[in-house]
Every structure is written in structure tokens, then in C-alpha cells.
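Listing of structure-v7.txt, compact mmCIF, C-alpha atoms
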```txt
# COMPACT_ATOMS: atom_id res chain seq x y z
CA MET A 785 59.19 5.46 24.14
CA ALA A 786 59.54 9.08 25.19
CA LEU A 787 59.98 10.03 21.55
CA PHE A 788 56.79 8.19 20.60
CA PHE A 789 54.76 9.87 23.36
CA GLY A 790 56.20 13.22 22.35
CA LEU A 791 55.19 12.71 18.73
CA PHE A 792 51.79 11.32 19.76
CA THR A 793 51.10 14.37 21.92
CA TRP A 794 52.23 16.73 19.16
CA ALA A 795 50.01 15.01 16.58
CA ASN A 796 46.96 15.26 18.83
CA TRP A 797 47.63 18.65 20.39
CA THR A 798 46.17 20.76 17.62
CA GLY A 799 43.96 18.04 16.17
CA PRO A 800 43.35 17.50 12.48
CA THR A 801 43.14 20.52 10.21
CA PRO A 802 39.99 21.03 8.12
CA ALA A 803 41.86 19.51 5.18
CA GLU A 804 42.79 16.46 7.23
CA LYS A 805 39.13 15.95 8.13
CA LEU A 806 38.16 15.65 4.47
CA LYS A 807 37.77 12.23 2.94
CA PRO A 808 40.96 11.50 0.93
CA LYS A 809 40.73 12.06 -2.81
CA ASN A 810 42.99 10.75 -5.53
CA PHE A 811 43.26 11.68 -9.17
CA ALA A 812 44.35 10.11 -12.42
CA LEU A 813 44.96 11.11 -16.02
CA PHE A 814 43.99 8.81 -18.89
CA ASP A 815 45.24 8.76 -22.45
CA LEU A 816 42.36 8.58 -24.94
CA SER A 817 44.47 8.61 -28.09
CA ASN A 818 43.26 5.13 -29.07
CA ILE A 819 39.78 6.54 -29.55
CA LYS A 820 39.30 7.55 -33.16
CA ASP A 821 35.70 8.75 -33.06
CA ASN A 822 35.53 12.26 -31.58
CA ASN A 823 31.87 11.81 -30.67
CA THR A 824 32.89 9.16 -28.15
CA PHE A 825 34.69 11.68 -25.92
CA ALA A 826 31.61 13.50 -24.70
CA THR A 827 29.75 10.25 -24.09
CA LEU A 828 32.66 8.86 -22.08
CA ASN A 829 32.85 12.02 -20.00
CA MET A 830 29.13 11.91 -19.22
CA GLN A 831 29.36 8.26 -18.20
CA LEU A 832 32.37 9.03 -16.01
CA GLN A 833 30.56 11.84 -14.24
CA LYS A 834 27.68 9.51 -13.40
CA THR A 835 30.02 6.88 -11.94
CA ARG A 836 29.84 6.37 -8.18
CA GLY A 837 32.98 7.67 -6.47
CA VAL A 838 33.92 10.02 -9.31
CA LEU A 839 33.88 13.63 -8.07
CA ALA A 840 35.07 15.64 -11.05
CA THR A 841 36.44 15.14 -14.53
CA CYS A 842 38.13 17.35 -17.09
CA LEU A 843 38.02 16.22 -20.70
CA LYS A 844 40.41 17.74 -23.26
CA PRO A 845 39.38 16.33 -26.66
CA ALA A 846 42.14 18.23 -28.46
CA ASP A 847 44.81 16.62 -26.27
CA LYS A 848 42.90 13.32 -26.09
CA ILE A 849 43.11 13.13 -22.31
CA VAL A 850 40.68 13.05 -19.43
CA SER A 851 41.45 13.65 -15.75
CA VAL A 852 39.40 12.14 -12.97
CA VAL A 853 39.23 13.05 -9.28
CA PHE A 854 37.76 10.23 -7.21
CA TYR A 855 37.29 8.71 -3.78
CA PRO A 856 39.81 5.83 -3.61
CA ASP A 857 37.71 3.93 -1.08
CA VAL A 858 34.80 3.83 -3.54
CA ILE A 859 36.51 3.30 -6.88
CA THR A 860 40.09 2.55 -7.91
CA ARG A 861 42.24 3.73 -10.81
CA ALA A 862 42.06 0.24 -12.29
CA ASP A 863 38.23 0.29 -12.06
CA ILE A 864 38.09 3.61 -13.90
CA GLN A 865 40.54 2.42 -16.53
CA GLN A 866 38.50 -0.76 -17.01
CA LYS A 867 35.25 1.19 -17.37
CA LEU A 868 36.79 3.59 -19.89
CA SER A 869 38.12 0.67 -21.93
CA THR A 870 34.76 -1.10 -21.85
CA TRP A 871 32.74 1.97 -22.78
CA SER A 872 35.06 2.89 -25.66
CA ASN A 873 35.76 -0.68 -26.85
CA THR A 874 39.46 0.11 -26.93
CA ASP A 875 42.45 -0.05 -24.62
CA ILE A 876 42.71 3.02 -22.41
CA ILE A 877 45.91 3.54 -20.45
CA GLN A 878 46.90 5.88 -17.67
CA LYS A 879 49.04 8.77 -18.81
CA ALA A 880 52.27 9.42 -16.92
CA ILE A 881 53.46 13.00 -16.63
CA VAL A 882 57.09 13.78 -17.27
CA ALA A 883 58.86 16.69 -15.61
CA THR A 884 60.18 19.21 -18.11
CA GLY A 885 61.65 21.68 -15.61
CA PRO A 886 61.59 22.60 -11.92
CA THR A 887 58.66 21.01 -10.10
CA CYS A 888 56.42 22.05 -7.24
CA PRO A 889 58.08 20.99 -3.97
CA VAL A 890 55.03 21.28 -1.72
CA ALA A 891 53.66 17.74 -2.01
CA GLY A 892 57.02 16.14 -1.29
CA MET A 893 57.99 18.68 1.35
CA MET A 894 54.84 18.19 3.38
CA GLY A 895 54.64 14.46 2.76
CA GLY A 896 56.52 13.11 5.74
CA ILE A 897 55.10 15.53 8.27
CA SER A 898 51.47 15.20 7.25
CA THR A 899 51.65 11.41 6.92
CA LEU A 900 53.10 11.08 10.42
CA LYS A 901 50.49 13.41 11.87
CA ARG A 902 47.61 11.60 10.13
CA PHE A 903 48.91 8.27 11.40
CA LEU A 904 49.25 9.38 15.02
CA CYS A 905 46.25 11.68 15.34
CA ILE A 906 43.21 9.99 16.86
CA ARG A 907 41.07 13.13 17.11
CA ASN A 908 39.63 12.87 13.61
CA MET B 444 50.42 13.30 30.55
CA ILE B 445 48.45 12.23 27.50
CA MET B 446 45.14 12.87 29.26
CA ALA B 447 46.35 16.30 30.28
CA SER B 448 47.37 16.99 26.70
CA PHE B 449 43.92 16.06 25.42
CA PHE B 450 42.25 18.21 28.07
CA LEU B 451 44.33 21.21 27.12
CA ALA B 452 43.85 20.54 23.44
CA SER B 453 40.09 20.36 23.82
CA CYS B 454 40.15 23.69 25.65
CA THR B 455 41.91 25.35 22.77
CA LYS B 456 39.29 24.36 20.21
CA THR B 457 37.37 27.54 19.49
CA ASN B 458 35.80 26.94 16.09
CA THR B 459 32.11 27.71 15.98
CA ILE B 460 31.28 26.79 12.41
CA THR B 461 30.84 23.38 10.89
CA GLU B 462 34.06 21.76 9.75
CA PRO B 463 34.29 18.67 7.56
CA GLY B 464 33.63 15.52 9.52
CA THR B 465 32.12 17.28 12.53
CA THR B 466 28.61 17.98 13.73
CA THR B 467 29.45 21.22 15.51
CA THR B 468 26.37 23.45 15.68
CA VAL B 469 26.57 26.78 13.93
CA THR B 470 26.31 29.48 16.57
CA ALA B 471 28.13 32.32 14.87
CA ASN B 472 29.84 32.99 11.62
CA PRO B 473 32.95 35.10 12.06
CA TYR B 474 33.51 34.94 8.30
CA ALA B 475 30.17 36.47 7.30
CA GLY B 476 30.51 38.54 4.14
CA SER B 477 33.66 36.76 2.96
CA ILE B 478 33.81 34.73 -0.24
CA PHE B 479 34.43 31.70 1.97
CA SER B 480 31.12 32.26 3.75
CA ASN B 481 29.14 33.29 0.65
CA GLU B 482 30.12 30.18 -1.30
CA GLY B 483 29.35 27.48 1.26
CA MET B 484 32.37 27.61 3.58
CA TYR B 485 34.38 24.37 3.84
CA ALA B 486 32.01 22.34 1.64
CA GLY B 487 31.93 25.04 -1.03
CA ILE B 488 35.70 25.36 -1.11
CA ASP B 489 36.04 21.57 -1.19
CA SER B 490 33.85 21.43 -4.29
CA LEU B 491 35.79 24.24 -5.97
CA ASN B 492 39.08 22.57 -5.10
CA THR B 493 37.97 19.22 -6.54
CA HIS B 494 37.13 20.79 -9.90
CA PHE B 495 40.28 22.90 -9.80
CA VAL B 496 42.44 19.80 -9.28
CA ALA B 497 40.73 17.99 -12.18
CA ASN B 498 41.39 20.99 -14.44
CA VAL B 499 45.05 21.30 -13.42
CA VAL B 500 45.71 17.58 -13.89
CA ALA B 501 44.39 17.79 -17.47
CA ASP B 502 46.27 21.01 -18.26
CA ASN B 503 49.27 20.06 -20.40
CA ASN B 504 50.71 23.57 -20.01
CA ILE B 505 51.35 23.14 -16.30
CA ASN B 506 50.70 19.61 -15.09
CA SER B 507 54.37 18.64 -15.44
CA ILE B 508 55.15 21.20 -12.71
CA PHE B 509 53.20 19.05 -10.26
CA VAL B 510 54.73 15.78 -11.47
CA ALA B 511 55.67 14.67 -7.95
CA SER B 512 51.98 14.47 -7.14
CA PHE B 513 50.82 12.97 -10.41
CA ASN B 514 52.46 9.65 -10.99
CA GLY B 515 50.85 7.27 -8.55
CA SER B 516 52.00 8.47 -5.13
CA THR B 517 48.67 8.58 -3.33
CA ASN B 518 50.33 10.33 -0.40
CA ASN B 519 51.64 13.11 -2.62
CA GLU B 520 48.23 13.36 -4.27
CA TYR B 521 46.66 13.78 -0.83
CA ASN B 522 49.18 16.49 0.07
CA PHE B 523 48.64 18.31 -3.22
CA VAL B 524 44.84 18.36 -2.81
CA SER B 525 45.12 19.37 0.86
CA SER B 526 47.58 22.18 0.18
CA LEU B 527 45.37 23.67 -2.53
CA TYR B 528 42.34 23.34 -0.27
CA ASN B 529 44.08 25.11 2.62
CA PHE B 530 45.28 27.81 0.24
CA LEU B 531 41.77 28.41 -1.13
CA VAL B 532 40.16 28.50 2.34
CA THR B 533 42.65 31.17 3.40
CA ALA B 534 42.58 33.13 0.12
CA THR B 535 38.76 33.36 0.18
CA GLY B 536 38.76 34.99 3.62
CA GLY B 537 38.16 31.88 5.70
CA PRO B 538 40.31 30.74 8.63
CA ASN B 539 44.03 31.10 8.06
CA ILE B 540 44.84 27.40 7.73
CA TYR B 541 47.40 27.52 4.91
CA ASP B 542 50.57 26.03 6.38
CA GLY B 543 53.02 26.09 3.50
CA PRO B 544 56.55 27.46 3.89
CA GLY B 545 56.49 31.07 5.13
CA ALA B 546 52.74 30.95 5.76
CA SER B 547 53.08 32.70 9.11
CA GLN B 548 54.26 35.78 7.21
CA GLY B 549 51.24 35.82 4.91
CA LEU B 550 50.23 34.23 1.62
CA ALA B 551 52.39 36.54 -0.50
CA VAL B 552 55.60 35.66 1.38
CA SER B 553 54.65 32.01 1.35
CA MET B 554 54.02 32.04 -2.40
CA MET B 555 57.40 33.70 -2.96
CA GLN B 556 59.21 31.08 -0.87
CA VAL B 557 57.37 28.09 -2.35
CA HIS B 558 58.02 29.19 -5.93
CA HIS B 559 61.62 30.28 -5.46
CA GLY B 560 63.80 28.71 -8.16
CA MET B 561 60.88 27.39 -10.19
CA HIS B 562 61.02 30.18 -12.80
CA ILE B 563 57.25 30.17 -13.33
CA THR B 564 56.39 32.02 -16.53
CA THR B 565 53.48 34.36 -17.19
CA PRO B 566 51.79 31.84 -19.58
CA GLN B 567 52.04 29.14 -16.90
CA PHE B 568 50.52 31.44 -14.29
CA THR B 569 47.79 32.47 -16.73
CA SER B 570 47.06 28.82 -17.47
CA LEU B 571 46.65 28.02 -13.78
CA ALA B 572 44.42 31.07 -13.33
CA GLY B 573 42.34 29.84 -16.27
CA ASP B 574 41.90 26.46 -14.58
CA LEU B 575 40.73 28.23 -11.43
CA ALA B 576 38.31 30.42 -13.41
CA THR B 577 36.88 27.31 -15.09
CA ALA B 578 36.40 25.63 -11.71
CA ILE B 579 34.63 28.72 -10.35
CA HIS B 580 32.33 28.67 -13.38
CA GLN B 581 31.66 24.93 -12.89
CA CYS B 582 30.71 25.60 -9.27
CA LYS B 583 28.36 28.43 -10.34
CA TRP B 584 29.81 31.06 -8.02
CA SER B 585 28.36 34.56 -8.06
CA LYS B 586 30.04 37.13 -10.29
CA ALA B 587 31.15 39.19 -7.32
CA ASP B 588 32.80 36.25 -5.55
CA SER B 589 34.33 35.01 -8.79
CA THR B 590 35.86 38.42 -9.43
CA GLY B 591 36.97 38.63 -5.79
CA LEU B 592 38.89 35.35 -5.86
CA MET B 593 40.40 35.94 -9.29
CA THR B 594 41.55 39.40 -8.17
CA ALA B 595 43.11 37.89 -5.04
CA ALA B 596 44.86 35.24 -7.18
CA ALA B 597 46.08 37.85 -9.66
CA SER B 598 47.53 39.92 -6.82
CA LEU B 599 49.90 37.02 -6.06
CA ALA B 600 51.33 37.03 -9.59
CA PRO B 601 54.41 39.15 -8.72
CA ASP B 602 55.22 36.75 -5.86
CA ILE B 603 55.02 33.70 -8.14
CA ILE B 604 56.11 34.67 -11.67
CA GLY B 605 59.84 34.72 -12.35
CA GLN B 606 60.93 33.65 -8.87
```
Please lay out the structure from this file as C-alpha cells.
Amino acid sequence: MALFFGLFTWANWTGPTPAEKLKPKNFALFDLSNIKDNNTFATLNMQLQKTRGVLATCLKPADKIVSVVFYPDVITRADIQQKLSTWSNTDIIQKAIVATGPTCPVAGMMGGISTLKRFLCIRN
Amino acid sequence: MIMASFFLASCTKTNTITEPGTTTTVTANPYAGSIFSNEGMYAGIDSLNTHFVANVVADNNINSIFVASFNGSTNNEYNFVSSLYNFLVTATGGPNIYDGPGASQGLAVSMMQVHHGMHITTPQFTSLAGDLATAIHQCKWSKADSTGLMTAAASLAPDIIGQ
């Protein structure tokens, strides 16, 4: 109990940081290699950018990929994947990234601490 | 004890500019003249960061470096976006909110500690800088502020490359 109150006090002492006050964003990368017509890429990107909940996209026609940053409470990965598939009349899949060397430790390092603080902080 | 904690915590809040999710009235801008202030403060940096993240995710030269954030862990995604945001707020002359390892000793020391053992190459650093430059262009920043941030980013190269 004392441990909980200690953690609760710590989480609320400084309050949420400006980053913690922002609405959470997620991102996804989609593989467009099933699309054969290059003219489709630009159209898809324009449609994506007009989609509610989509904040930013980055289309790389040469690599046949598109990244999407979105609000997860407005639109999901599956929704975006479904829309891309519908618009292009082909199956679009999410692209997994494979580590080829040392990776950035920040996200994992800060994960536990920031998750705990977000959970316990009621000042947001 | 909890009430006392909240009282003390509320007394320590000294921000006078609008933060995300608040309705604090603007009474003074201690960051006037900084890139942070010129480009829309927290909202401006948030917009830049969003485009920057999209560009990095689609950058095959470097996205595998951030693989822990990229393959479906929404919590790691959140931490990745937040860390970049805090970094950009601090690097543009806003409040010092970057809290990565070694942050208390300055951004340069922090960058050196975070990238230790990663063996970042010059092409990888250049690629990331290119993604940032593209995001700045997408957000239509002024030339002076664009140059200012890119210069600040370039100054961190020795602390990141080859560590």
C-alpha cells in the first residue's frame, strides 16, 4: 500500500509533460508492391491524407511503401489497410521492419517508466 | 499526504504559455525569438514531429534502427513519438523537457549516451537529417528557422556518428 501511494505521489508530483498531454499517435507502414500501376500511388496518398484520423503520410513509390501517422482512437491500422485495399483493388499488407544491426534503445528503455506514470497520473 | 502532495505540486507549476491539453492564458513568452516560439510553440513542434515520424518510418535507410518501435507495440510507438517531440522542443529553444539518458548534462551528452554502441554511420545520420529537412519543408517553416534547426541538428553529428 505504501509502495502504491509512493508511486502515485511520484506520478502526480510533476504532472504530465507536454508530450504526455498530447493525444497519442500511432504509425504504420504498408507494402504497396501488389500495385502495378504507378499512377495509383499518388491517388492513394491523396485519399489517405483526406481520411479522418490520418495526420501525415510519406509515400515512397520507388520502394513501394507508404507510412501513415494516425490517431488510434479515430482510425485503426486495420481500417487503413482495408481502405488501401479497397481503393487499389488489391491486397495491401502491413510491412514489418527487420533489425539489421543495433537498434535504438530509447523506446524500450522509457517504456516501463512512462507507461507507469501515464497510468497513475490523474493531472492530465 | 496525497492532498499535500497535490498542493505542493500545483505550487511548482510555473508555465505561462499554452501547453497541449490546457487552456492556460498566455501572459508572457519566455521563449520569444526562439525557433520554438517562431514556429508555433508546442503545436508547431507537434506538427513538425508528426511529419518527421512519417518520413522516418518510410525511410528504408534507417527505419530498421527503430525496429523496437515499429512492429506493433503501440506503447513503444508512443514512446518513440514522445521522445522525438521532447527532443525537438528542447532543440528549437523551447523548455528543456528532453528526458533521455544523460539529458541533465545537455543534449550533446545525452545523444552520445543514447547512441553508444549503435555505430551510426554518416549516411544514416544524413538520411535522418534529410527526413527532418523534408518535414520542415512540409510544415512551411521560414528559411531562417529551417537553417537554425538543421544547424543545431548538424552540430550533434559528432556525438551521434560512430559512437
Near-Phe530 (chain B) list (9 Å; all atoms listed in the file; drop same-chain fewer than 6 positions) as a PDB file with C-alpha atoms, in the coordinates of the input:
```pdb
ATOM      1  CA  ASN B 539      44.030  31.100   8.060  1.00  0.00           C
ATOM      2  CA  ILE B 540      44.840  27.400   7.730  1.00  0.00           C
ATOM      3  CA  TYR B 541      47.400  27.520   4.910  1.00  0.00           C
ATOM      4  CA  ASP B 542      50.570  26.030   6.380  1.00  0.00           C
ATOM      5  CA  GLY B 543      53.020  26.090   3.500  1.00  0.00           C
ATOM      6  CA  LEU B 550      50.230  34.230   1.620  1.00  0.00           C
TER       7      LEU B 550
END
```
Residue nearest chain B among A:Ile819, A:Ala862, A:Leu806, A:Met830 (counting all atoms listed in the file) | A:Leu806
Define the interface residues of chain A facing chain B as those within 8 Å, counting only C-alpha atoms, and report them as JSON, numbers by chain.
-> {"A": [789, 793, 796, 797, 798, 799, 801, 802, 803, 804, 805, 806, 808, 809, 810, 811, 812, 813, 839, 840, 841, 842, 843, 844, 849, 850, 851, 852, 853, 880, 881, 882, 883, 884, 885, 886, 887, 888, 889, 890, 891, 892, 894, 895, 898, 899, 908]}
Spatial neighbours of Thr569 (chain B), max dist 12 Å, all atoms listed in the file, sep filter under 4 positions, as a list in words |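 Surrounding residues, per the criterion: Val499, Asp502, Asn504, Ile505, Ile563, Thr564, Thr565, Gly573, Asp574, Leu575, Ala576, Met593, Ala596, Ala597, Leu599, Ala600, Ile603 and Ile604 of chain B.
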Specify the axis-aligned box that encloses all atoms of region 470-475 of chain B listed in the file after padding of 4 Å on each side, stating its centre and edge lengths in Å to one decimal as JSON.
```
{"center_x": 29.9, "center_y": 33.0, "center_z": 11.9, "size_x": 15.2, "size_y": 15.0, "size_z": 17.3}
```
Would you work out the distance separating CA of Pro845 (chain A) from CA of Ile859 (chain A), expressed in Å to one decimal?
-> 23.9 Å
Taking (34.8, 33.5, -3.9) in the file's coordinates, which residues come within 10 Å, counting all atoms listed in the file, written as number ranges by chain?
-> B: 477-484, 487-488, 491, 531-532, 534-536, 579, 584-595
Distance of CA of Ala578 (chain B) from CA of Asn472 (chain B), expressed in Å to one decimal place | 25.3 Å
Would you output region 471-603 of chain B from that structure, restricted to C-alpha atoms, as a PDB file, in the first residue's frame?
```
ATOM      1  CA  ALA B 471       4.322  36.079 -21.264  1.00  0.00           C
ATOM      2  CA  ASN B 472       6.509  34.248 -23.682  1.00  0.00           C
ATOM      3  CA  PRO B 473       9.914  33.493 -22.217  1.00  0.00           C
ATOM      4  CA  TYR B 474      10.872  31.807 -25.485  1.00  0.00           C
ATOM      5  CA  ALA B 475      10.280  34.834 -27.720  1.00  0.00           C
ATOM      6  CA  GLY B 476      12.735  34.895 -30.611  1.00  0.00           C
ATOM      7  CA  SER B 477      13.450  31.162 -30.465  1.00  0.00           C
ATOM      8  CA  ILE B 478      12.599  28.782 -33.294  1.00  0.00           C
ATOM      9  CA  PHE B 479      10.162  27.133 -30.872  1.00  0.00           C
ATOM     10  CA  SER B 480       8.275  30.406 -30.476  1.00  0.00           C
ATOM     11  CA  ASN B 481       8.521  31.493 -34.127  1.00  0.00           C
ATOM     12  CA  GLU B 482       7.072  28.231 -35.441  1.00  0.00           C
ATOM     13  CA  GLY B 483       4.006  27.898 -33.231  1.00  0.00           C
ATOM     14  CA  MET B 484       5.434  26.557 -29.969  1.00  0.00           C
ATOM     15  CA  TYR B 485       4.053  23.178 -28.841  1.00  0.00           C
ATOM     16  CA  ALA B 486       1.508  22.902 -31.672  1.00  0.00           C
ATOM     17  CA  GLY B 487       4.098  23.810 -34.293  1.00  0.00           C
ATOM     18  CA  ILE B 488       6.604  21.293 -32.990  1.00  0.00           C
ATOM     19  CA  ASP B 489       3.865  18.652 -32.776  1.00  0.00           C
ATOM     20  CA  SER B 490       3.071  19.159 -36.451  1.00  0.00           C
ATOM     21  CA  LEU B 491       6.756  19.004 -37.415  1.00  0.00           C
ATOM     22  CA  ASN B 492       7.231  15.878 -35.315  1.00  0.00           C
ATOM     23  CA  THR B 493       4.256  14.125 -36.915  1.00  0.00           C
ATOM     24  CA  HIS B 494       5.645  14.653 -40.417  1.00  0.00           C
ATOM     25  CA  PHE B 495       9.151  13.752 -39.252  1.00  0.00           C
ATOM     26  CA  VAL B 496       7.909  10.436 -37.830  1.00  0.00           C
ATOM     27  CA  ALA B 497       6.067   9.612 -41.073  1.00  0.00           C
ATOM     28  CA  ASN B 498       9.241  10.307 -43.063  1.00  0.00           C
ATOM     29  CA  VAL B 499      11.459   8.214 -40.779  1.00  0.00           C
ATOM     30  CA  VAL B 500       9.050   5.261 -40.802  1.00  0.00           C
ATOM     31  CA  ALA B 501       9.145   5.212 -44.625  1.00  0.00           C
ATOM     32  CA  ASP B 502      12.924   5.634 -44.807  1.00  0.00           C
ATOM     33  CA  ASN B 503      14.401   2.229 -45.638  1.00  0.00           C
ATOM     34  CA  ASN B 504      17.909   3.512 -44.897  1.00  0.00           C
ATOM     35  CA  ILE B 505      17.216   3.958 -41.198  1.00  0.00           C
ATOM     36  CA  ASN B 506      13.829   2.594 -40.162  1.00  0.00           C
ATOM     37  CA  SER B 507      15.334  -0.742 -39.087  1.00  0.00           C
ATOM     38  CA  ILE B 508      17.236   1.160 -36.374  1.00  0.00           C
ATOM     39  CA  PHE B 509      13.912   1.973 -34.732  1.00  0.00           C
ATOM     40  CA  VAL B 510      12.521  -1.541 -35.146  1.00  0.00           C
ATOM     41  CA  ALA B 511      11.508  -1.804 -31.475  1.00  0.00           C
ATOM     42  CA  SER B 512       9.002   0.962 -32.084  1.00  0.00           C
ATOM     43  CA  PHE B 513       7.797  -0.176 -35.484  1.00  0.00           C
ATOM     44  CA  ASN B 514       6.303  -3.610 -35.266  1.00  0.00           C
ATOM     45  CA  GLY B 515       3.005  -3.180 -33.500  1.00  0.00           C
ATOM     46  CA  SER B 516       3.937  -2.176 -29.946  1.00  0.00           C
ATOM     47  CA  THR B 517       1.681   0.837 -29.514  1.00  0.00           C
ATOM     48  CA  ASN B 518       3.441   1.665 -26.263  1.00  0.00           C
ATOM     49  CA  ASN B 519       6.837   1.775 -27.954  1.00  0.00           C
ATOM     50  CA  GLU B 520       5.327   3.849 -30.762  1.00  0.00           C
ATOM     51  CA  TYR B 521       4.040   6.310 -28.171  1.00  0.00           C
ATOM     52  CA  ASN B 522       7.466   6.491 -26.522  1.00  0.00           C
ATOM     53  CA  PHE B 523       9.222   6.981 -29.852  1.00  0.00           C
ATOM     54  CA  VAL B 524       6.916   9.849 -30.875  1.00  0.00           C
ATOM     55  CA  SER B 525       7.135  11.435 -27.407  1.00  0.00           C
ATOM     56  CA  SER B 526      10.927  11.224 -27.254  1.00  0.00           C
ATOM     57  CA  LEU B 527      11.315  12.880 -30.655  1.00  0.00           C
ATOM     58  CA  TYR B 528       8.801  15.552 -29.661  1.00  0.00           C
ATOM     59  CA  ASN B 529      10.640  16.325 -26.410  1.00  0.00           C
ATOM     60  CA  PHE B 530      13.929  16.414 -28.296  1.00  0.00           C
ATOM     61  CA  LEU B 531      12.582  18.863 -30.892  1.00  0.00           C
ATOM     62  CA  VAL B 532      11.005  21.160 -28.277  1.00  0.00           C
ATOM     63  CA  THR B 533      14.350  21.377 -26.485  1.00  0.00           C
ATOM     64  CA  ALA B 534      16.488  21.628 -29.644  1.00  0.00           C
ATOM     65  CA  THR B 535      14.390  24.517 -31.005  1.00  0.00           C
ATOM     66  CA  GLY B 536      14.970  26.621 -27.888  1.00  0.00           C
ATOM     67  CA  GLY B 537      11.775  25.756 -26.040  1.00  0.00           C
ATOM     68  CA  PRO B 538      11.575  24.426 -22.480  1.00  0.00           C
ATOM     69  CA  ASN B 539      14.181  21.816 -21.646  1.00  0.00           C
ATOM     70  CA  ILE B 540      11.849  18.814 -21.492  1.00  0.00           C
ATOM     71  CA  TYR B 541      14.026  16.186 -23.165  1.00  0.00           C
ATOM     72  CA  ASP B 542      14.454  13.450 -20.567  1.00  0.00           C
ATOM     73  CA  GLY B 543      16.536  10.829 -22.333  1.00  0.00           C
ATOM     74  CA  PRO B 544      19.623   9.296 -20.724  1.00  0.00           C
ATOM     75  CA  GLY B 545      22.156  11.981 -19.750  1.00  0.00           C
ATOM     76  CA  ALA B 546      19.704  14.783 -20.551  1.00  0.00           C
ATOM     77  CA  SER B 547      20.596  16.684 -17.397  1.00  0.00           C
ATOM     78  CA  GLN B 548      24.079  17.178 -18.852  1.00  0.00           C
ATOM     79  CA  GLY B 549      22.769  18.633 -22.112  1.00  0.00           C
ATOM     80  CA  LEU B 550      21.594  17.321 -25.464  1.00  0.00           C
ATOM     81  CA  ALA B 551      25.107  16.559 -26.734  1.00  0.00           C
ATOM     82  CA  VAL B 552      25.950  14.308 -23.764  1.00  0.00           C
ATOM     83  CA  SER B 553      22.548  12.691 -23.986  1.00  0.00           C
ATOM     84  CA  MET B 554      22.950  11.983 -27.698  1.00  0.00           C
ATOM     85  CA  MET B 555      26.359  10.434 -27.045  1.00  0.00           C
ATOM     86  CA  GLN B 556      24.974   8.163 -24.318  1.00  0.00           C
ATOM     87  CA  VAL B 557      21.851   7.133 -26.238  1.00  0.00           C
ATOM     88  CA  HIS B 558      23.814   6.240 -29.374  1.00  0.00           C
ATOM     89  CA  HIS B 559      26.710   4.493 -27.650  1.00  0.00           C
ATOM     90  CA  GLY B 560      27.322   1.108 -29.277  1.00  0.00           C
ATOM     91  CA  MET B 561      24.961   1.734 -32.188  1.00  0.00           C
ATOM     92  CA  HIS B 562      27.742   2.556 -34.675  1.00  0.00           C
ATOM     93  CA  ILE B 563      25.598   5.072 -36.562  1.00  0.00           C
ATOM     94  CA  THR B 564      27.174   5.838 -39.936  1.00  0.00           C
ATOM     95  CA  THR B 565      27.394   9.174 -41.729  1.00  0.00           C
ATOM     96  CA  PRO B 566      24.911   8.058 -44.460  1.00  0.00           C
ATOM     97  CA  GLN B 567      22.423   7.029 -41.761  1.00  0.00           C
ATOM     98  CA  PHE B 568      22.782  10.378 -39.999  1.00  0.00           C
ATOM     99  CA  THR B 569      22.450  12.199 -43.318  1.00  0.00           C
ATOM    100  CA  SER B 570      19.326  10.208 -44.119  1.00  0.00           C
ATOM    101  CA  LEU B 571      17.715  11.161 -40.808  1.00  0.00           C
ATOM    102  CA  ALA B 572      18.673  14.797 -41.346  1.00  0.00           C
ATOM    103  CA  GLY B 573      17.067  14.589 -44.798  1.00  0.00           C
ATOM    104  CA  ASP B 574      13.835  13.321 -43.240  1.00  0.00           C
ATOM    105  CA  LEU B 575      13.887  16.255 -40.829  1.00  0.00           C
ATOM    106  CA  ALA B 576      14.559  18.730 -43.659  1.00  0.00           C
ATOM    107  CA  THR B 577      11.624  17.280 -45.613  1.00  0.00           C
ATOM    108  CA  ALA B 578       9.348  17.632 -42.578  1.00  0.00           C
ATOM    109  CA  ILE B 579      10.433  21.253 -42.108  1.00  0.00           C
ATOM    110  CA  HIS B 580       9.628  21.914 -45.768  1.00  0.00           C
ATOM    111  CA  GLN B 581       6.220  20.206 -45.396  1.00  0.00           C
ATOM    112  CA  CYS B 582       5.455  22.449 -42.416  1.00  0.00           C
ATOM    113  CA  LYS B 583       6.477  25.556 -44.401  1.00  0.00           C
ATOM    114  CA  TRP B 584       8.925  26.891 -41.832  1.00  0.00           C
ATOM    115  CA  SER B 585      10.790  30.108 -42.553  1.00  0.00           C
ATOM    116  CA  LYS B 586      14.236  29.814 -44.119  1.00  0.00           C
ATOM    117  CA  ALA B 587      15.914  31.244 -41.034  1.00  0.00           C
ATOM    118  CA  ASP B 588      14.242  28.783 -38.655  1.00  0.00           C
ATOM    119  CA  SER B 589      14.840  25.899 -41.046  1.00  0.00           C
ATOM    120  CA  THR B 590      18.532  26.732 -41.217  1.00  0.00           C
ATOM    121  CA  GLY B 591      18.628  27.214 -37.445  1.00  0.00           C
ATOM    122  CA  LEU B 592      17.227  23.772 -36.648  1.00  0.00           C
ATOM    123  CA  MET B 593      19.272  21.989 -39.308  1.00  0.00           C
ATOM    124  CA  THR B 594      22.423  23.677 -37.989  1.00  0.00           C
ATOM    125  CA  ALA B 595      21.548  22.601 -34.445  1.00  0.00           C
ATOM    126  CA  ALA B 596      20.952  19.033 -35.662  1.00  0.00           C
ATOM    127  CA  ALA B 597      24.208  19.010 -37.627  1.00  0.00           C
ATOM    128  CA  SER B 598      26.117  20.162 -34.545  1.00  0.00           C
ATOM    129  CA  LEU B 599      25.112  16.898 -32.833  1.00  0.00           C
ATOM    130  CA  ALA B 600      26.675  14.765 -35.582  1.00  0.00           C
ATOM    131  CA  PRO B 601      29.986  14.174 -33.733  1.00  0.00           C
ATOM    132  CA  ASP B 602      28.028  12.988 -30.674  1.00  0.00           C
ATOM    133  CA  ILE B 603      25.981  10.506 -32.733  1.00  0.00           C
TER     134      ILE B 603
END
```
